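Below is coords-v2.txt, holding compact mmCIF, C-alpha atoms.
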# COMPACT_ATOMS: atom_id res chain seq x y z
CA MET A 24 6.89 0.94 -1.13
CA LEU A 25 10.40 2.19 -1.73
CA ASP A 26 12.78 2.55 1.21
CA ILE A 27 13.71 6.19 1.84
CA LYS A 28 17.32 5.10 2.33
CA PHE A 29 17.26 3.49 -1.14
CA ILE A 30 15.77 6.66 -2.62
CA ARG A 31 18.46 8.84 -0.99
CA GLU A 32 21.25 6.61 -2.28
CA ASN A 33 19.78 6.16 -5.79
CA GLN A 34 18.14 9.51 -6.57
CA ASP A 35 19.02 9.55 -10.28
CA LEU A 36 17.76 5.98 -10.74
CA VAL A 37 14.46 6.75 -9.01
CA LYS A 38 13.97 9.99 -10.94
CA GLN A 39 14.61 8.23 -14.26
CA ALA A 40 12.19 5.42 -13.32
CA ILE A 41 9.46 7.96 -12.54
CA LYS A 42 10.18 9.73 -15.82
CA ASN A 43 9.92 6.41 -17.67
CA ARG A 44 6.48 5.96 -16.11
CA ALA A 45 5.52 9.46 -17.37
CA LEU A 46 4.76 10.61 -13.82
CA LYS A 47 5.65 13.81 -11.98
CA ILE A 48 6.86 13.24 -8.43
CA ASP A 49 9.14 15.75 -6.72
CA ILE A 50 11.87 13.52 -5.29
CA ASP A 51 13.96 16.53 -4.22
CA SER A 52 11.14 17.75 -1.95
CA ILE A 53 10.85 14.30 -0.40
CA ILE A 54 14.59 14.29 0.29
CA LYS A 55 14.32 17.74 1.93
CA ILE A 56 11.52 16.54 4.19
CA ASP A 57 13.64 13.56 5.15
CA ASP A 58 16.62 15.84 5.80
CA THR A 59 14.50 17.86 8.25
CA ARG A 60 13.24 14.67 9.87
CA ARG A 61 16.74 13.23 10.22
CA LYS A 62 18.01 16.48 11.79
CA ALA A 63 15.15 16.44 14.31
CA LEU A 64 15.80 12.74 15.01
CA ASN A 65 19.48 13.40 15.71
CA GLU A 66 18.57 16.21 18.09
CA PHE A 67 15.98 13.99 19.77
CA GLU A 68 18.52 11.19 20.29
CA GLU A 69 21.12 13.61 21.69
CA LEU A 70 18.60 15.07 24.13
CA ALA A 71 17.39 11.60 25.12
CA ALA A 72 21.00 10.68 25.93
CA LYS A 73 21.38 13.86 28.02
CA ARG A 74 18.14 13.08 29.86
CA ASN A 75 19.32 9.56 30.62
CA LYS A 76 22.63 10.89 31.89
CA ALA A 77 20.84 13.51 34.03
CA ASN A 78 18.60 10.80 35.46
CA ASP A 79 21.66 8.79 36.47
CA GLU A 80 23.30 11.86 38.03
CA ILE A 81 20.11 12.73 39.94
CA GLY A 82 19.99 9.19 41.26
CA VAL A 83 23.56 9.49 42.54
CA LEU A 84 22.89 12.89 44.17
CA LEU A 85 19.77 11.63 45.91
CA LYS A 86 21.58 8.50 47.06
CA GLU A 87 24.31 10.71 48.54
CA LYS A 88 21.61 12.97 50.02
CA LYS A 89 22.85 15.96 48.05
CA ASP A 90 20.82 18.80 46.50
CA ALA A 91 19.49 17.69 43.07
CA LYS A 92 17.17 20.64 42.36
CA VAL A 93 19.34 22.17 39.64
CA LYS A 94 19.70 18.81 37.87
CA ILE A 95 15.98 18.08 38.18
CA SER A 96 15.11 21.49 36.76
CA SER A 97 17.55 20.92 33.89
CA MET A 98 16.07 17.48 33.21
CA LYS A 99 12.54 18.92 33.11
CA GLU A 100 13.63 21.43 30.46
CA ILE A 101 15.22 18.65 28.43
CA SER A 102 12.06 16.52 28.75
CA LYS A 103 9.91 19.45 27.62
CA HIS A 104 12.11 19.93 24.56
CA ILE A 105 11.99 16.20 23.84
CA GLY A 106 8.19 16.28 23.99
CA GLY A 107 8.10 19.03 21.36
CA LEU A 108 10.51 17.11 19.14
CA GLU A 109 8.43 13.92 19.46
CA ALA A 110 5.35 15.75 18.13
CA GLN A 111 7.43 17.29 15.35
CA LEU A 112 8.93 13.93 14.39
CA LYS A 113 5.54 12.25 14.33
CA GLU A 114 4.19 14.92 12.00
CA GLN A 115 7.24 14.72 9.72
CA GLU A 116 7.15 10.91 9.60
CA THR A 117 3.43 10.96 8.75
CA GLU A 118 4.05 13.44 5.94
CA LEU A 119 7.02 11.47 4.63
CA ASN A 120 5.16 8.14 4.77
CA LYS A 121 2.23 9.65 2.90
CA LEU A 122 4.55 10.76 0.11
CA LEU A 123 6.37 7.42 -0.01
CA LEU A 124 3.07 5.55 -0.32
CA ASN A 125 2.40 7.45 -3.55
CA ILE A 126 5.71 6.56 -5.22
CA PRO A 127 5.26 3.61 -7.62
CA ASN A 128 7.58 0.64 -7.92
CA LEU A 129 10.64 0.88 -10.16
CA PRO A 130 10.13 -0.74 -13.58
CA HIS A 131 12.52 -3.60 -14.34
CA SER A 132 15.32 -2.70 -16.74
CA SER A 133 14.07 -5.23 -19.33
CA LEU A 134 10.80 -3.34 -19.93
CA PRO A 135 10.28 -1.24 -23.07
CA VAL A 136 10.15 2.47 -22.22
CA GLY A 137 7.00 4.26 -23.34
CA ASP A 138 3.22 4.01 -23.41
CA ALA A 139 0.99 1.04 -24.27
CA SER A 140 1.95 1.28 -27.94
CA CYS A 141 5.44 0.16 -26.87
CA ASN A 142 4.22 -3.08 -25.28
CA LYS A 143 6.17 -6.04 -26.62
CA ILE A 144 4.60 -9.26 -27.88
CA VAL A 145 6.88 -11.96 -26.44
CA ARG A 146 5.23 -15.02 -28.02
CA SER A 147 1.97 -16.33 -29.42
CA TRP A 148 0.25 -19.69 -29.17
CA GLY A 149 -2.43 -21.28 -31.33
CA GLU A 150 -3.95 -20.18 -34.60
CA VAL A 151 -6.50 -17.42 -34.89
CA LYS A 152 -9.70 -19.08 -36.12
CA LYS A 153 -11.17 -18.11 -39.44
CA LEU A 154 -14.82 -19.12 -39.57
CA ASP A 155 -16.53 -19.83 -42.90
CA PHE A 156 -19.63 -17.98 -41.72
CA LYS A 157 -20.23 -14.53 -40.24
CA PRO A 158 -19.43 -14.90 -36.53
CA LEU A 159 -21.69 -13.56 -33.84
CA SER A 160 -20.49 -11.49 -30.90
CA HIS A 161 -20.65 -12.98 -27.42
CA ILE A 162 -23.53 -10.62 -26.64
CA GLU A 163 -25.61 -12.09 -29.47
CA LEU A 164 -24.62 -15.64 -28.50
CA CYS A 165 -25.53 -15.07 -24.84
CA GLN A 166 -28.93 -13.70 -25.80
CA ASN A 167 -29.66 -16.35 -28.44
CA LEU A 168 -28.64 -19.21 -26.11
CA ASP A 169 -30.32 -17.58 -23.09
CA ILE A 170 -27.22 -18.02 -20.88
CA VAL A 171 -26.76 -14.41 -19.68
CA ASP A 172 -29.55 -11.98 -18.86
CA PHE A 173 -28.03 -8.52 -19.20
CA ASN A 174 -31.29 -6.60 -18.76
CA ARG A 175 -32.34 -8.28 -15.53
CA ALA A 176 -28.82 -7.93 -14.11
CA THR A 177 -29.15 -4.18 -14.69
CA LYS A 178 -32.58 -4.23 -13.03
CA ILE A 179 -31.26 -6.11 -9.99
CA THR A 180 -28.10 -4.05 -9.46
CA GLY A 181 -27.15 -1.65 -12.23
CA SER A 182 -25.23 -1.48 -15.49
CA ASN A 183 -22.15 -3.63 -16.02
CA PHE A 184 -23.22 -6.46 -13.72
CA ILE A 185 -23.88 -10.02 -14.90
CA LEU A 186 -26.67 -12.53 -14.38
CA PHE A 187 -25.49 -15.92 -15.65
CA LYS A 188 -28.21 -18.53 -16.05
CA GLY A 189 -28.52 -22.14 -17.12
CA TRP A 190 -25.54 -23.27 -19.16
CA GLY A 191 -23.92 -19.87 -18.66
CA ALA A 192 -23.81 -20.37 -14.89
CA LYS A 193 -22.64 -23.97 -15.34
CA LEU A 194 -19.89 -22.89 -17.74
CA GLU A 195 -18.67 -20.28 -15.26
CA ARG A 196 -18.60 -22.83 -12.41
CA ALA A 197 -16.88 -25.42 -14.62
CA LEU A 198 -14.13 -22.98 -15.53
CA ILE A 199 -13.48 -22.09 -11.89
CA ASN A 200 -13.27 -25.74 -10.80
CA PHE A 201 -11.12 -26.68 -13.82
CA MET A 202 -8.58 -23.93 -13.05
CA LEU A 203 -8.42 -24.64 -9.31
CA ASP A 204 -7.89 -28.35 -9.99
CA LEU A 205 -5.15 -27.60 -12.52
CA HIS A 206 -3.24 -25.25 -10.21
CA THR A 207 -3.55 -27.46 -7.12
CA ASN A 208 -3.09 -30.88 -8.73
CA GLU A 209 -0.58 -30.08 -11.47
CA HIS A 210 1.16 -26.82 -10.52
CA GLY A 211 1.63 -27.33 -6.77
CA TYR A 212 -0.45 -24.46 -5.40
CA THR A 213 -2.35 -24.66 -2.12
CA GLU A 214 -5.98 -23.62 -2.42
CA ILE A 215 -7.23 -20.71 -0.32
CA PHE A 216 -10.78 -19.40 0.07
CA PRO A 217 -10.33 -15.91 1.56
CA PRO A 218 -12.76 -13.20 2.74
CA PHE A 219 -14.23 -10.98 0.05
CA LEU A 220 -13.97 -7.95 2.36
CA VAL A 221 -10.64 -6.56 3.58
CA ASN A 222 -9.53 -3.72 5.86
CA ARG A 223 -7.60 -0.59 4.90
CA ALA A 224 -4.27 -2.05 6.04
CA SER A 225 -4.68 -4.92 3.56
CA MET A 226 -5.42 -2.54 0.70
CA LEU A 227 -2.43 -0.38 1.64
CA GLY A 228 -0.22 -3.46 1.81
CA THR A 229 -0.77 -4.51 -1.79
CA GLY A 230 -0.76 -0.97 -3.17
CA GLN A 231 -4.42 -0.37 -4.09
CA LEU A 232 -4.50 2.46 -1.54
CA PRO A 233 -4.13 5.34 -1.47
CA LYS A 234 -3.75 5.75 -5.25
CA LEU A 235 -6.73 3.68 -6.46
CA GLU A 236 -9.30 4.30 -3.73
CA GLU A 237 -11.82 5.83 -6.15
CA ASP A 238 -11.85 2.55 -8.12
CA MET A 239 -12.81 0.50 -5.05
CA TYR A 240 -16.15 -0.35 -3.51
CA LYS A 241 -16.11 0.77 0.14
CA LEU A 242 -18.61 0.01 2.87
CA LYS A 243 -20.41 3.08 4.17
CA ASP A 244 -20.38 2.22 7.88
CA ASP A 245 -17.11 0.27 8.15
CA ASP A 246 -13.61 0.93 6.90
CA LEU A 247 -13.79 -2.21 4.77
CA PHE A 248 -13.47 -2.71 1.02
CA LEU A 249 -14.84 -5.30 -1.39
CA ILE A 250 -11.78 -6.95 -2.88
CA PRO A 251 -10.72 -5.93 -6.41
CA THR A 252 -8.77 -9.21 -6.68
CA ALA A 253 -7.87 -12.20 -4.50
CA GLU A 254 -4.31 -10.84 -4.54
CA VAL A 255 -5.29 -8.51 -1.69
CA PRO A 256 -6.48 -10.97 0.99
CA VAL A 257 -4.09 -13.73 -0.04
CA THR A 258 -0.96 -11.54 -0.03
CA ASN A 259 -1.96 -10.16 3.37
CA ILE A 260 -2.10 -13.62 4.93
CA PHE A 261 1.50 -13.05 6.06
CA ARG A 262 1.30 -9.32 6.83
CA ASP A 263 3.54 -8.43 9.80
CA GLU A 264 4.98 -11.97 9.90
CA ILE A 265 8.45 -13.48 9.51
CA LEU A 266 8.63 -16.67 7.45
CA GLU A 267 11.41 -19.23 7.57
CA GLU A 268 13.58 -19.58 4.46
CA ASP A 269 12.96 -23.31 4.09
CA LYS A 270 9.20 -22.63 3.78
CA LEU A 271 9.72 -20.62 0.58
CA PRO A 272 8.44 -20.53 -2.04
CA ILE A 273 4.83 -20.49 -0.88
CA ASN A 274 2.30 -20.81 -3.71
CA TYR A 275 -1.40 -20.12 -3.16
CA THR A 276 -4.34 -20.16 -5.54
CA ALA A 277 -7.78 -18.79 -4.81
CA TYR A 278 -11.13 -18.29 -6.45
CA THR A 279 -12.96 -15.08 -5.55
CA ALA A 280 -15.46 -12.70 -6.97
CA CYS A 281 -13.76 -9.37 -7.72
CA PHE A 282 -15.32 -5.92 -7.46
CA ARG A 283 -14.13 -2.80 -9.29
CA ARG A 284 -15.91 0.48 -9.79
CA GLU A 285 -13.78 1.19 -12.87
CA ALA A 286 -14.00 4.94 -12.15
CA GLY A 287 -13.18 6.98 -15.23
CA SER A 288 -13.82 4.11 -17.64
CA TYR A 289 -17.46 4.83 -18.43
CA GLY A 290 -18.18 4.58 -22.15
CA LYS A 291 -15.49 1.94 -22.71
CA ASP A 292 -16.80 -1.56 -23.58
CA THR A 293 -19.92 -0.91 -21.54
CA LYS A 294 -21.95 -3.63 -23.22
CA GLY A 295 -21.50 -7.34 -22.68
CA LEU A 296 -18.92 -9.16 -20.58
CA VAL A 297 -15.68 -7.35 -21.42
CA ARG A 298 -15.79 -4.63 -18.74
CA VAL A 299 -17.92 -5.35 -15.68
CA HIS A 300 -18.00 -4.28 -12.04
CA GLN A 301 -18.16 -7.81 -10.59
CA PHE A 302 -16.38 -10.79 -12.10
CA ASP A 303 -14.94 -14.15 -11.13
CA LYS A 304 -11.23 -14.90 -11.14
CA VAL A 305 -8.84 -17.61 -10.08
CA GLU A 306 -5.67 -16.01 -8.72
CA MET A 307 -2.15 -17.31 -8.13
CA VAL A 308 0.06 -15.70 -5.46
CA LYS A 309 3.71 -16.47 -4.68
CA PHE A 310 5.98 -15.60 -1.76
CA VAL A 311 9.59 -16.23 -2.80
CA LYS A 312 13.21 -15.44 -2.03
CA PRO A 313 14.52 -12.33 -3.85
CA GLU A 314 17.07 -14.27 -5.90
CA ASP A 315 14.33 -16.57 -7.24
CA SER A 316 11.62 -14.07 -8.07
CA TYR A 317 12.20 -13.60 -11.80
CA ALA A 318 12.48 -17.34 -12.45
CA GLU A 319 9.26 -17.71 -10.44
CA LEU A 320 7.62 -15.04 -12.62
CA GLU A 321 8.29 -17.12 -15.73
CA LYS A 322 6.80 -20.18 -13.97
CA LEU A 323 3.76 -18.13 -13.02
CA VAL A 324 3.22 -17.08 -16.63
CA ALA A 325 3.61 -20.69 -17.80
CA ASP A 326 0.98 -21.83 -15.29
CA ALA A 327 -1.49 -19.25 -16.61
CA GLU A 328 -0.64 -20.13 -20.21
CA GLU A 329 -1.46 -23.80 -19.62
CA VAL A 330 -5.04 -22.85 -18.74
CA LEU A 331 -5.47 -21.25 -22.18
CA GLN A 332 -3.63 -24.08 -23.93
CA LEU A 333 -5.90 -26.72 -22.40
CA LEU A 334 -8.92 -24.63 -23.38
CA GLU A 335 -7.37 -24.44 -26.89
CA LEU A 336 -7.73 -20.67 -27.07
CA PRO A 337 -5.26 -18.74 -29.22
CA TYR A 338 -3.39 -16.20 -27.12
CA ARG A 339 -0.32 -14.00 -26.98
CA VAL A 340 2.02 -13.02 -24.15
CA VAL A 341 2.69 -9.28 -23.92
CA MET A 342 5.40 -7.59 -21.85
CA LEU A 343 4.02 -4.28 -20.60
CA SER A 344 5.91 -1.05 -21.12
CA THR A 345 6.91 1.31 -18.31
CA GLN A 346 3.84 3.53 -18.72
CA ASP A 347 1.36 0.64 -18.96
CA LEU A 348 2.71 -1.04 -15.84
CA SER A 349 0.57 -1.12 -12.70
CA PHE A 350 1.52 1.05 -9.71
CA ALA A 351 2.99 -1.78 -7.61
CA ALA A 352 4.56 -4.00 -10.29
CA SER A 353 8.18 -4.07 -11.35
CA LYS A 354 7.53 -6.31 -14.35
CA CYS A 355 4.30 -7.63 -15.83
CA TYR A 356 3.19 -9.93 -18.64
CA ASP A 357 -0.38 -9.80 -19.93
CA LEU A 358 -1.97 -12.83 -21.55
CA GLU A 359 -4.43 -11.84 -24.26
CA ALA A 360 -6.88 -14.37 -25.72
CA TYR A 361 -8.27 -13.82 -29.19
CA ALA A 362 -12.04 -13.57 -29.67
CA VAL A 363 -13.11 -14.06 -33.28
CA GLY A 364 -16.64 -12.61 -32.95
CA THR A 365 -15.44 -9.16 -31.94
CA ASP A 366 -12.03 -9.57 -33.62
CA LYS A 367 -10.18 -8.46 -30.50
CA TRP A 368 -7.38 -9.59 -28.22
CA LEU A 369 -8.75 -9.60 -24.69
CA GLU A 370 -6.61 -9.45 -21.56
CA VAL A 371 -7.45 -12.50 -19.44
CA SER A 372 -4.40 -12.56 -17.18
CA SER A 373 -1.76 -10.24 -15.75
CA CYS A 374 1.29 -11.85 -14.14
CA SER A 375 3.44 -9.50 -12.08
CA ASN A 376 6.58 -9.47 -9.98
CA PHE A 377 6.37 -6.81 -7.27
CA GLU A 378 9.83 -7.60 -5.88
CA SER A 379 9.88 -6.29 -2.26
CA PHE A 380 7.45 -3.41 -2.94
CA GLN A 381 4.34 -5.03 -1.44
CA ALA A 382 6.31 -6.90 1.23
CA ARG A 383 7.79 -3.65 2.53
CA ARG A 384 4.33 -2.04 2.73
CA ALA A 385 2.83 -5.14 4.39
CA ASN A 386 5.95 -5.97 6.44
CA ILE A 387 6.28 -9.55 5.14
CA ARG A 388 9.78 -10.88 5.84
CA PHE A 389 11.75 -14.11 6.00
CA ARG A 390 14.70 -15.35 8.03
CA ARG A 391 17.76 -16.74 6.27
CA LYS A 392 19.07 -20.06 7.56
CA GLU A 393 22.64 -18.82 7.18
CA GLY A 394 23.32 -15.96 9.56
CA LYS A 395 19.66 -15.65 10.60
CA ARG A 396 19.45 -12.43 8.56
CA ILE A 397 15.91 -11.08 8.11
CA GLU A 398 14.88 -9.74 4.69
CA PHE A 399 11.72 -8.80 2.83
CA VAL A 400 10.24 -11.53 0.63
CA HIS A 401 9.37 -10.92 -2.99
CA THR A 402 5.69 -11.26 -3.89
CA LEU A 403 4.18 -12.21 -7.24
CA ASN A 404 0.67 -12.72 -8.47
CA GLY A 405 -1.11 -13.66 -11.66
CA SER A 406 -4.60 -14.33 -12.92
CA GLY A 407 -4.97 -18.00 -13.56
CA VAL A 408 -7.18 -16.88 -15.30
CA ALA A 409 -9.83 -14.16 -15.13
CA LEU A 410 -13.41 -14.55 -16.20
CA PRO A 411 -15.63 -13.45 -17.92
CA ARG A 412 -13.35 -12.44 -20.83
CA THR A 413 -12.30 -16.07 -21.01
CA VAL A 414 -16.00 -16.90 -21.43
CA VAL A 415 -16.14 -14.35 -24.26
CA ALA A 416 -13.22 -16.09 -26.01
CA ILE A 417 -14.79 -19.54 -25.57
CA LEU A 418 -18.22 -18.49 -26.84
CA GLU A 419 -16.89 -16.62 -29.85
CA ASN A 420 -14.17 -19.09 -30.87
CA TYR A 421 -16.25 -22.23 -30.33
CA GLN A 422 -19.46 -20.97 -31.97
CA GLN A 423 -21.00 -23.03 -34.75
CA GLU A 424 -22.92 -21.94 -37.82
CA ASP A 425 -26.19 -23.26 -36.32
CA GLY A 426 -25.79 -20.87 -33.35
CA SER A 427 -24.65 -23.50 -30.84
CA VAL A 428 -21.32 -23.40 -29.00
CA LEU A 429 -19.00 -26.36 -28.57
CA ILE A 430 -17.62 -26.94 -25.07
CA PRO A 431 -13.80 -27.24 -24.82
CA LYS A 432 -12.73 -30.83 -24.15
CA ALA A 433 -10.98 -29.79 -20.91
CA LEU A 434 -14.31 -28.58 -19.50
CA GLN A 435 -16.53 -31.46 -20.57
CA PRO A 436 -15.76 -33.61 -17.47
CA TYR A 437 -16.98 -30.68 -15.34
CA LEU A 438 -20.25 -30.52 -17.29
CA ASN A 439 -21.31 -34.19 -17.10
CA GLY A 440 -19.78 -34.89 -20.52
CA GLN A 441 -21.86 -32.20 -22.26
CA LYS A 442 -20.24 -31.32 -25.59
CA ARG A 443 -22.36 -28.46 -26.85
CA ILE A 444 -24.44 -25.54 -25.59
CA PHE A 445 -27.62 -25.06 -27.56
CA ARG A 446 -31.06 -23.64 -26.95
Transcribe the structure of this file into structure tokens.
Amino acid sequence: MLDIKFIRENQDLVKQAIKNRALKIDIDSIIKIDDTRRKALNEFEELAAKRNKANDEIGVLLKEKKDAKVKISSMKEISKHIGGLEAQLKEQETELNKLLLNIPNLPHSSLPVGDASCNKIVRSWGEVKKLDFKPLSHIELCQNLDIVDFNRATKITGSNFILFKGWGAKLERALINFMLDLHTNEHGYTEIFPPFLVNRASMLGTGQLPKLEEDMYKLKDDDLFLIPTAEVPVTNIFRDEILEEDKLPINYTAYTACFRREAGSYGKDTKGLVRVHQFDKVEMVKFVKPEDSYAELEKLVADAEEVLQLLELPYRVVMLSTQDLSFAASKCYDLEAYAVGTDKWLEVSSCSNFESFQARRANIRFRRKEGKRIEFVHTLNGSGVALPRTVVAILENYQQEDGSVLIPKALQPYLNGQKRIFR
């Protein structure tokens, strides 16, 4: 969330940022609403001061046993006016807050301006495999190896849900444990296991609401949402709290299932594991001091990259352009793993710096040691990494001509030394 004071003082900057995102938001109208609110607030404060003064004068008159009727009558009129202004201010503040909640974060100045075609490949790692036989897609491999039952998943729930079985389920569990161990033992994150349901305040805090409500699964009888990512419950751990400077940075990692309706995406990658409504993900979340946040973003990306390096999957790091950036992010890198069977680069991680955008919405602050000044923290998060697209990359890149799939060396200790999946 952007501070209205910042918007007032940087109107051209905010307007240009919105233009770079290819959005239409009337900043001038928002400023006018705030002007009206500020005028009403000034009048309210002046009247409140008059009422306080009148109260004091009435007290003196009564103490001196003098007639205070005129003063009391005057104070009642002032109080009546104040009551009207309070209702007006509440309405104006609600309207203003609603508008502010729909303004996205400002893209960082280093981002390319434009749509997804302007995304910038920052670096690549590993060699794209060239198989000496015709590769199968992950869908064919899953069916041939009997490790995912797409049809029964549809019967149980509906389209775009997954039923892992046998070695498919074991592979999924091995990946989750491998990534959690890496982030906690090697990268210094503390493991969290959060609720998979969150309240509206949590969704507002991280920026999923109000803009993305149609993409979320909501409970019918409670104002609760199935989480679209562990970012939501983990970031909200410190909602409405003040942290001490010497506790920062705080690094958390969490495994959760993630639930997304993907409204408006029907017809896109509807078969297989690439686009599903429920998927597993290991998330990394950071709470840091503002001056450290962009260095911490690079660390975050490196931590996600090491997962793919240890799995020996070729990947590339992509800096997103202003129009491809998520609503709450100021800067984001996507990690895309290559899958030889479908000949595609698949996004398996997004690593974002939100600066103070989420912290302002969720009221997450910290206290400086010097001067005891209180400021908003900067929040970051990244997939470390997401499944099942990582499973797609493993199955397609490690497939053998006989139809079996080799297991990456990093995962073998989690699968009792098993080296190959075969039927």
Can you tell me, as an NGL selection string, what residues are no more than 7 Å from range 184-197 of chain A when counting all atoms listed in the file, ignoring any on the same chain fewer than 5 positions away? :A and (170-173 or 176-177 or 299-301 or 434 or 437-438 or 444)
Can you write just those residues out, C-alpha atoms, as a PDB file, keeping the file's coordinate frame?
ATOM      1  CA  ILE A 170     -27.220 -18.020 -20.880  1.00  0.00           C
ATOM      2  CA  VAL A 171     -26.760 -14.410 -19.680  1.00  0.00           C
ATOM      3  CA  ASP A 172     -29.550 -11.980 -18.860  1.00  0.00           C
ATOM      4  CA  PHE A 173     -28.030  -8.520 -19.200  1.00  0.00           C
ATOM      5  CA  ALA A 176     -28.820  -7.930 -14.110  1.00  0.00           C
ATOM      6  CA  THR A 177     -29.150  -4.180 -14.690  1.00  0.00           C
ATOM      7  CA  VAL A 299     -17.920  -5.350 -15.680  1.00  0.00           C
ATOM      8  CA  HIS A 300     -18.000  -4.280 -12.040  1.00  0.00           C
ATOM      9  CA  GLN A 301     -18.160  -7.810 -10.590  1.00  0.00           C
ATOM     10  CA  LEU A 434     -14.310 -28.580 -19.500  1.00  0.00           C
ATOM     11  CA  TYR A 437     -16.980 -30.680 -15.340  1.00  0.00           C
ATOM     12  CA  LEU A 438     -20.250 -30.520 -17.290  1.00  0.00           C
ATOM     13  CA  ILE A 444     -24.440 -25.540 -25.590  1.00  0.00           C
TER      14      ILE A 444
END
I want to know what sits within 10 Å of Ala91 in chain A, based on all atoms listed in the file, with residues of the same chain fewer than 6 positions away left out; could you give that as a PyMOL selection string? chain A and resi 80-85+97
Which distance in Å separates CA of Leu369 in chain A and CA of Val297 in chain A, to one decimal? 8.0 Å
So that I can check the surroundings of range 133-150 of chain A, please list as a ChimeraX atom specification every protein, DNA and RNA residue that reaches within 10 Å of it, counting all atoms listed in the file and ignoring chain neighbours fewer than 5 positions away. /A:40,42-45,328,331-332,335-348,353-361
Across A:Lys395, A:Arg390, A:His161, A:Lys309, the smallest distance to Ala362 in chain A, with all atoms listed in the file counted, is shown by A:His161
The centre and edge lengths of an axis-aligned box containing all atoms of range 160-172 of chain A present in the file, extended by 6 Å on each side, are to be given in Å to one decimal, as AutoDock Vina command-line options.
--center_x -25.4 --center_y -14.9 --center_z -24.9 --size_x 21.8 --size_y 20.6 --size_z 24.0
Kindly indicate which residue among A:Glu321, A:Glu100, A:Asp263, A:Glu118 lies nearest to Gly405 in chain A, using only C-alpha atoms for the distances. A:Glu321
Fewer than 4 positions away in the same chain doesn't count, so skip those; otherwise give me all residues within 12 Å of Asp245 in chain A, counting all atoms listed in the file, as number ranges by chain. A: 220-223, 240-241, 249
Work out how far CA of Phe67 in chain A is from CA of Glu109 in chain A, in Å to one decimal.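 So the two atoms, CA of Glu109 in chain A and CA of Phe67 in chain A, lie 7.6 Å apart.
Of note, CA of Met98 in chain A and CA of Leu64 in chain A are spaced 18.8 Å apart.
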Would you mind telling me which residue in A:Asp425, A:Gly106, A:Lys99, A:Lys432 lies nearest to Ala63 in chain A when using all atoms listed in the file?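 The shortest atom-to-atom distance to Ala63 in chain A comes from A:Gly106.
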Go through A:Asp303, A:Cys281, A:Lys73, A:Lys89 and flag the residue nearest Ile101 in chain A, using only C-alpha atoms for the distances.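 Ranked by minimum distance to Ile101 in chain A, first place goes to A:Lys73.
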Across A:Arg446, A:Arg391, A:Arg74, A:Arg61, the smallest distance to Glu267 in chain A, with all atoms listed in the file counted, is shown by A:Arg391
Could you pull the residues within 7 Å of Phe302 in chain A, counting only C-alpha atoms, minus those fewer than 5 positions along the same chain, as a ChimeraX atom specification? /A:280-282,410-411
Starting from the incomplete input, reconstruct N, CA and C atoms of range 264-275 of chain A and report them as a PDB file, keeping the file's coordinate frame.
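Below is the file result_23.pdb, written as the result:
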ATOM      1  N   GLU A 264       4.445 -10.675   9.466  1.00  0.00           N
ATOM      2  CA  GLU A 264       4.980 -11.970   9.900  1.00  0.00           C
ATOM      3  C   GLU A 264       6.380 -12.189   9.327  1.00  0.00           C
ATOM      4  N   ILE A 265       7.128 -13.071   9.988  1.00  0.00           N
ATOM      5  CA  ILE A 265       8.450 -13.480   9.510  1.00  0.00           C
ATOM      6  C   ILE A 265       8.386 -14.959   9.167  1.00  0.00           C
ATOM      7  N   LEU A 266       8.650 -15.289   7.919  1.00  0.00           N
ATOM      8  CA  LEU A 266       8.630 -16.670   7.450  1.00  0.00           C
ATOM      9  C   LEU A 266      10.036 -17.260   7.541  1.00  0.00           C
ATOM     10  N   GLU A 267      10.117 -18.567   7.582  1.00  0.00           N
ATOM     11  CA  GLU A 267      11.410 -19.230   7.570  1.00  0.00           C
ATOM     12  C   GLU A 267      11.814 -19.536   6.128  1.00  0.00           C
ATOM     13  N   GLU A 268      13.099 -19.420   5.825  1.00  0.00           N
ATOM     14  CA  GLU A 268      13.580 -19.580   4.460  1.00  0.00           C
ATOM     15  C   GLU A 268      13.189 -20.921   3.856  1.00  0.00           C
ATOM     16  N   ASP A 269      13.241 -21.990   4.657  1.00  0.00           N
ATOM     17  CA  ASP A 269      12.960 -23.310   4.090  1.00  0.00           C
ATOM     18  C   ASP A 269      11.471 -23.520   3.776  1.00  0.00           C
ATOM     19  N   LYS A 270      10.620 -22.552   4.132  1.00  0.00           N
ATOM     20  CA  LYS A 270       9.200 -22.630   3.780  1.00  0.00           C
ATOM     21  C   LYS A 270       8.921 -22.022   2.406  1.00  0.00           C
ATOM     22  N   LEU A 271       9.893 -21.295   1.862  1.00  0.00           N
ATOM     23  CA  LEU A 271       9.720 -20.620   0.580  1.00  0.00           C
ATOM     24  C   LEU A 271      10.183 -21.507  -0.571  1.00  0.00           C
ATOM     25  N   PRO A 272       9.556 -21.415  -1.741  1.00  0.00           N
ATOM     26  CA  PRO A 272       8.440 -20.530  -2.040  1.00  0.00           C
ATOM     27  C   PRO A 272       7.119 -21.066  -1.493  1.00  0.00           C
ATOM     28  N   ILE A 273       6.196 -20.143  -1.250  1.00  0.00           N
ATOM     29  CA  ILE A 273       4.830 -20.490  -0.880  1.00  0.00           C
ATOM     30  C   ILE A 273       3.936 -20.088  -2.044  1.00  0.00           C
ATOM     31  N   ASN A 274       3.173 -21.055  -2.561  1.00  0.00           N
ATOM     32  CA  ASN A 274       2.300 -20.810  -3.710  1.00  0.00           C
ATOM     33  C   ASN A 274       0.848 -21.043  -3.323  1.00  0.00           C
ATOM     34  N   TYR A 275       0.024 -20.017  -3.482  1.00  0.00           N
ATOM     35  CA  TYR A 275      -1.400 -20.120  -3.160  1.00  0.00           C
ATOM     36  C   TYR A 275      -2.231 -19.833  -4.414  1.00  0.00           C
TER      37      TYR A 275
END
